[in-house]
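Notes follow once the structure below has been shown.
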Amino acid sequence: MNHIEWPEHVPGIAVHPPLCSRTMPERSCLYNLPPIGLGTVLVECLSSYINRLALAYRVNARRLVASEVIPRLSGGQYGQAGSFPLGGFGRSRSMTVNGAGAVAEDWATTLGQLTGVEELRQLTVSQWASSLPAWGLLRTVPGWCPLCYHHWRERGQPLYLPLLWALRAVTICVEHRIWLRERCPHCRRSQSALAARASPGFCTQCGAWLGEQGSADASVDAETLAWQTWVVQAVEELYLASRVFGSPPWQALPQGIAACVEAVGGTRRLGRLVQVPGVLFSAWRKRQRTPSLTYVLAVSYVLDLSPLQLMTVEPRRLREALWAKEVYRSAPAFKYKMPNSVGEQTRIHAFFQEVLAGEVGPLPLRQVARHLGVGEKYLVGRFPQECTEVTAQYLAHRTRRAQERVERECEEVRQTMLLLQRQGIAPTLAQVSARLSTPHILRRPEGKAVWRTLWQEFESLEE
């Protein structure tokens with residue numbers, strides 16, 4: 001067979017180097033899971049990405065985090081994986097991985113290195129809100145739209161938590177006109193962003209399905225829908241602008257606020273328009289305080305200016321645009337409102353009766369408030385008698401448990417000393433302490449009193 005020489009270049013045919021000369025891409029430690037919704041306002045949050053990554057390995061999210069993520073975090077405040085309080089972090093502070101602080105940056109960077117996905121910082125609000133304060137930025141627990149879950153499941157789409165739902169300023173799903181939920185309809189408990197049981201779309205506490213069929217919520221009026229639709233558009237503008245130009249210039253916000261104050265006629269007038277204390281605008285202008293995202297959105301909504309316009313448009317042009325306006329929008333209902341409906345009051349009262357009857361609990365008042373989704377001050381103000389009775393019930397329960405614990409420990413000390421005496425070993429403090437289930441028992445007054453009494457009895461018998 002004649003030898004055929006392959007030409008160095010044939011028009012229209014790409015010549016590739018031999019396989020042995022190609023450089024293989026660097027392997028990642030964890031699965032290179034693509035994030036959902038990149039480049040859209042419905043991009044998923046980082047905690048949702050962690051849960052889906054754990055689901056791909058068929059392990060719970062806490063185990064994955066403890067074994068792979070925690071040991072590689074650069075922040076010294078995390079400690080080691082073995083001593084890191086992951087349970088408490090998952091229940092109370094895990095939403096911070098979606099935030100704008102050092103914790104979110106650390107988690108996004110570490111997970112990016114482990115998975116080889118470079119865009120994970122876009123799954124946190126640090127992409128566009130790095131200069132805003134943490135308070136008023138994120139929810140303390142995850143929220144979700146049950147209709148979105150239902151439709152995604154029917155269409156075979158992946159279930160996840162968009163970063164948009166993690167924002168405190170976003171309270172409804174504008175697509176389905178329904179309030180975002182924070183508590184499981186079955187167990188009435190709030191969700192954990194990182195939990196041992198964290199399958200997307202299912203309750204992290206009881207495992208129940210969180211989606212449901214339904215229609216628009218009648219309690220979402222036209223004004224609320226208009227406000228929330230505008231919020232989603234403003235957040236989308238900030239997110240898309242940050243992808244192109246980097247972090248927005250939040251340091252220029254005080255100049256825009258000053259121009260708005262001058263245009264509307266002073267801080268008091270602007271405060272009345274937005275329904276917030278006018279002194280806040282003075283503090284913002286003088287850079288004594290930084291407004292939260294919710295306040296920035298409220299001010300922008302009333303003046304019909306996006307947050308990005310407040311930061312990037314020249315102050316002169318801002319003043320001219322506001323002077324041309326004759327009517328401003330009504331202030332949005334962006335502040336948290338306590339439940340005052342008759343049905344909600346009845347539900348709260350019924351739960352108090354369940355606790356007092358012993359069907360639930362005993363519970364401290366803070367857990368009662370957390371279960372009901374209201375504040376402790378609200379319960380004390382509206383249900384003072386029930387709060388007093390629940391608190392007394394819980395304190396009595398704590399007292400009984402403490403007494404039972406003391407009795408068990410004293411009995412353990414007594415049995416241990418009798419055993420040592422039968423074995424011919426002197427029941428000294430060191431000998432007894434080494435054989436107790438908890439060495440600290442003898443440090444307590446009751447345990448030490450039992451030891452001292454029996455020691456004296458043993459010495460009198462020997463005499």
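Ligands are numbered from 1 in the order shown, residues from 1 within each chain, and chains are lettered A, B, ... in the order they appear in the structure tokens.
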Which of segment 140-221 of chain A DSSP labels helix (DSSP H, G or I), written as an NGL selection string: :A and (146-154 or 163-166)
Counting only C-alpha atoms, which residues of segment 295-319 of chain A sit at most 10 Å from some atom of segment 165-179 of chain A, and what is each one's closest atom pair with its distance in Å to one decimal, listed by chain and rising residue number, as CSV?
residue,atom,partner,partner_atom,distance
A:Tyr295,CA,A:Ala169,CA,9.1
A:Leu297,CA,A:Ala169,CA,8.2
A:Ala298,CA,A:Ala169,CA,9.3
Spatial neighbours of segment 300-310 of chain A, 8 Å, only C-alpha atoms, chain gap at least 3 places, as JSON, numbers by chain: {"A": [227, 230, 234, 237, 238, 248, 253, 256, 257, 273, 274, 296, 297, 313, 318, 322, 328, 329, 330, 331, 332]}
Please save N, CA and C atoms of the selected residues as a compact mmCIF listing (two decimals), in the first residue's frame.
# COMPACT_ATOMS: atom_id res chain seq x y z
N TRP A 227 -46.08 47.21 42.77
CA TRP A 227 -44.86 47.44 43.54
C TRP A 227 -43.89 46.28 43.38
N TRP A 230 -42.34 46.04 39.92
CA TRP A 230 -41.28 47.04 39.77
C TRP A 230 -40.01 46.61 40.50
N ALA A 234 -36.30 46.20 38.92
CA ALA A 234 -35.15 46.94 39.43
C ALA A 234 -34.01 46.00 39.79
N GLU A 237 -32.39 44.73 36.65
CA GLU A 237 -31.50 45.74 36.06
C GLU A 237 -30.16 45.78 36.77
N LEU A 238 -30.18 45.71 38.11
CA LEU A 238 -28.94 45.71 38.87
C LEU A 238 -28.10 44.47 38.55
N PRO A 248 -22.25 47.74 40.95
CA PRO A 248 -22.77 49.11 40.78
C PRO A 248 -22.06 50.09 41.71
N LEU A 253 -24.46 56.80 45.60
CA LEU A 253 -25.86 56.91 45.98
C LEU A 253 -26.17 58.16 46.80
N GLY A 256 -27.06 61.05 44.60
CA GLY A 256 -28.39 60.96 44.02
C GLY A 256 -29.47 61.26 45.04
N ILE A 257 -29.30 60.78 46.29
CA ILE A 257 -30.27 61.08 47.34
C ILE A 257 -30.33 62.57 47.60
N LEU A 273 -43.43 61.50 51.62
CA LEU A 273 -43.75 60.78 50.38
C LEU A 273 -43.48 59.29 50.52
N VAL A 274 -42.33 58.94 51.13
CA VAL A 274 -41.95 57.54 51.24
C VAL A 274 -42.51 56.91 52.52
N VAL A 296 -33.89 51.68 49.65
CA VAL A 296 -33.50 52.22 48.34
C VAL A 296 -34.58 51.93 47.31
N LEU A 297 -35.14 50.74 47.33
CA LEU A 297 -36.19 50.39 46.39
C LEU A 297 -37.45 51.21 46.65
N VAL A 313 -26.99 58.57 37.10
CA VAL A 313 -27.42 59.78 36.42
C VAL A 313 -26.86 61.00 37.15
N LEU A 318 -31.03 64.53 37.39
CA LEU A 318 -32.02 63.97 38.31
C LEU A 318 -32.98 65.04 38.81
N LEU A 322 -37.07 65.22 38.19
CA LEU A 322 -38.04 65.26 39.28
C LEU A 322 -38.86 66.54 39.27
N TYR A 328 -46.25 62.01 42.31
CA TYR A 328 -45.38 60.89 42.61
C TYR A 328 -46.23 59.67 42.96
N ARG A 329 -45.60 58.50 42.92
CA ARG A 329 -46.30 57.29 43.29
C ARG A 329 -46.59 57.26 44.78
N SER A 330 -47.60 56.50 45.14
CA SER A 330 -47.88 56.29 46.56
C SER A 330 -46.82 55.38 47.15
N ALA A 331 -46.52 55.58 48.43
CA ALA A 331 -45.50 54.76 49.09
C ALA A 331 -45.93 53.31 49.11
N PRO A 332 -45.04 52.38 48.82
CA PRO A 332 -45.41 50.96 48.83
C PRO A 332 -45.51 50.43 50.25
Choose the residue, out of A:Gly271, A:Gly211, A:Val244, A:Glu68, that has the smallest atom-to-atom separation from His186 of chain A; count only C-alpha atoms.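 Result for the nearest residue to His186 of chain A: A:Gly211.
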Quick one: residues within 9 Å of segment 427-441 of chain A, only C-alpha atoms, excluding same-chain residues fewer than 5 positions away - as a list in words? Val406, Glu409, Cys410, Glu412, Val413, Thr416, Met417, Leu418, Leu419, Leu420, Gln421, Glu446, Gly447, Lys448, Trp451 and Trp455 of chain A
Based on the selection just made, write C-alpha atoms of those residues as a PDB file, in the first residue's frame.
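Writing done, so here's again.pdb:
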ATOM      1  CA  VAL A 406     -30.160  16.059  89.828  1.00  0.00           C
ATOM      2  CA  GLU A 409     -26.900  12.169  88.937  1.00  0.00           C
ATOM      3  CA  CYS A 410     -27.012  11.750  92.708  1.00  0.00           C
ATOM      4  CA  GLU A 412     -25.339   7.531  89.826  1.00  0.00           C
ATOM      5  CA  VAL A 413     -22.797   8.876  92.331  1.00  0.00           C
ATOM      6  CA  THR A 416     -20.690   4.185  91.756  1.00  0.00           C
ATOM      7  CA  MET A 417     -19.369   4.636  95.305  1.00  0.00           C
ATOM      8  CA  LEU A 418     -21.103   1.453  96.498  1.00  0.00           C
ATOM      9  CA  LEU A 419     -19.594  -0.475  93.586  1.00  0.00           C
ATOM     10  CA  LEU A 420     -16.100   0.807  94.373  1.00  0.00           C
ATOM     11  CA  GLN A 421     -16.491  -0.125  98.035  1.00  0.00           C
ATOM     12  CA  GLU A 446     -25.733  18.195  94.797  1.00  0.00           C
ATOM     13  CA  GLY A 447     -23.359  15.540  93.441  1.00  0.00           C
ATOM     14  CA  LYS A 448     -20.557  16.591  95.719  1.00  0.00           C
ATOM     15  CA  TRP A 451     -20.208  11.979  97.716  1.00  0.00           C
ATOM     16  CA  TRP A 455     -17.603   9.147 102.270  1.00  0.00           C
TER      17      TRP A 455
END
In Å and to one decimal, atom CA of Glu236 of chain A is distant from atom CA of Val327 of chain A by 25.8 Å
Which value, in Å to one decimal, gives the distance between atom CA of Pro277 of chain A and atom CA of Val125 of chain A? 27.1 Å
So, counting only C-alpha atoms, which residue among A:Lys286, A:Arg317, A:Lys325, A:Arg272 is closest to Ala259 of chain A? A:Arg317
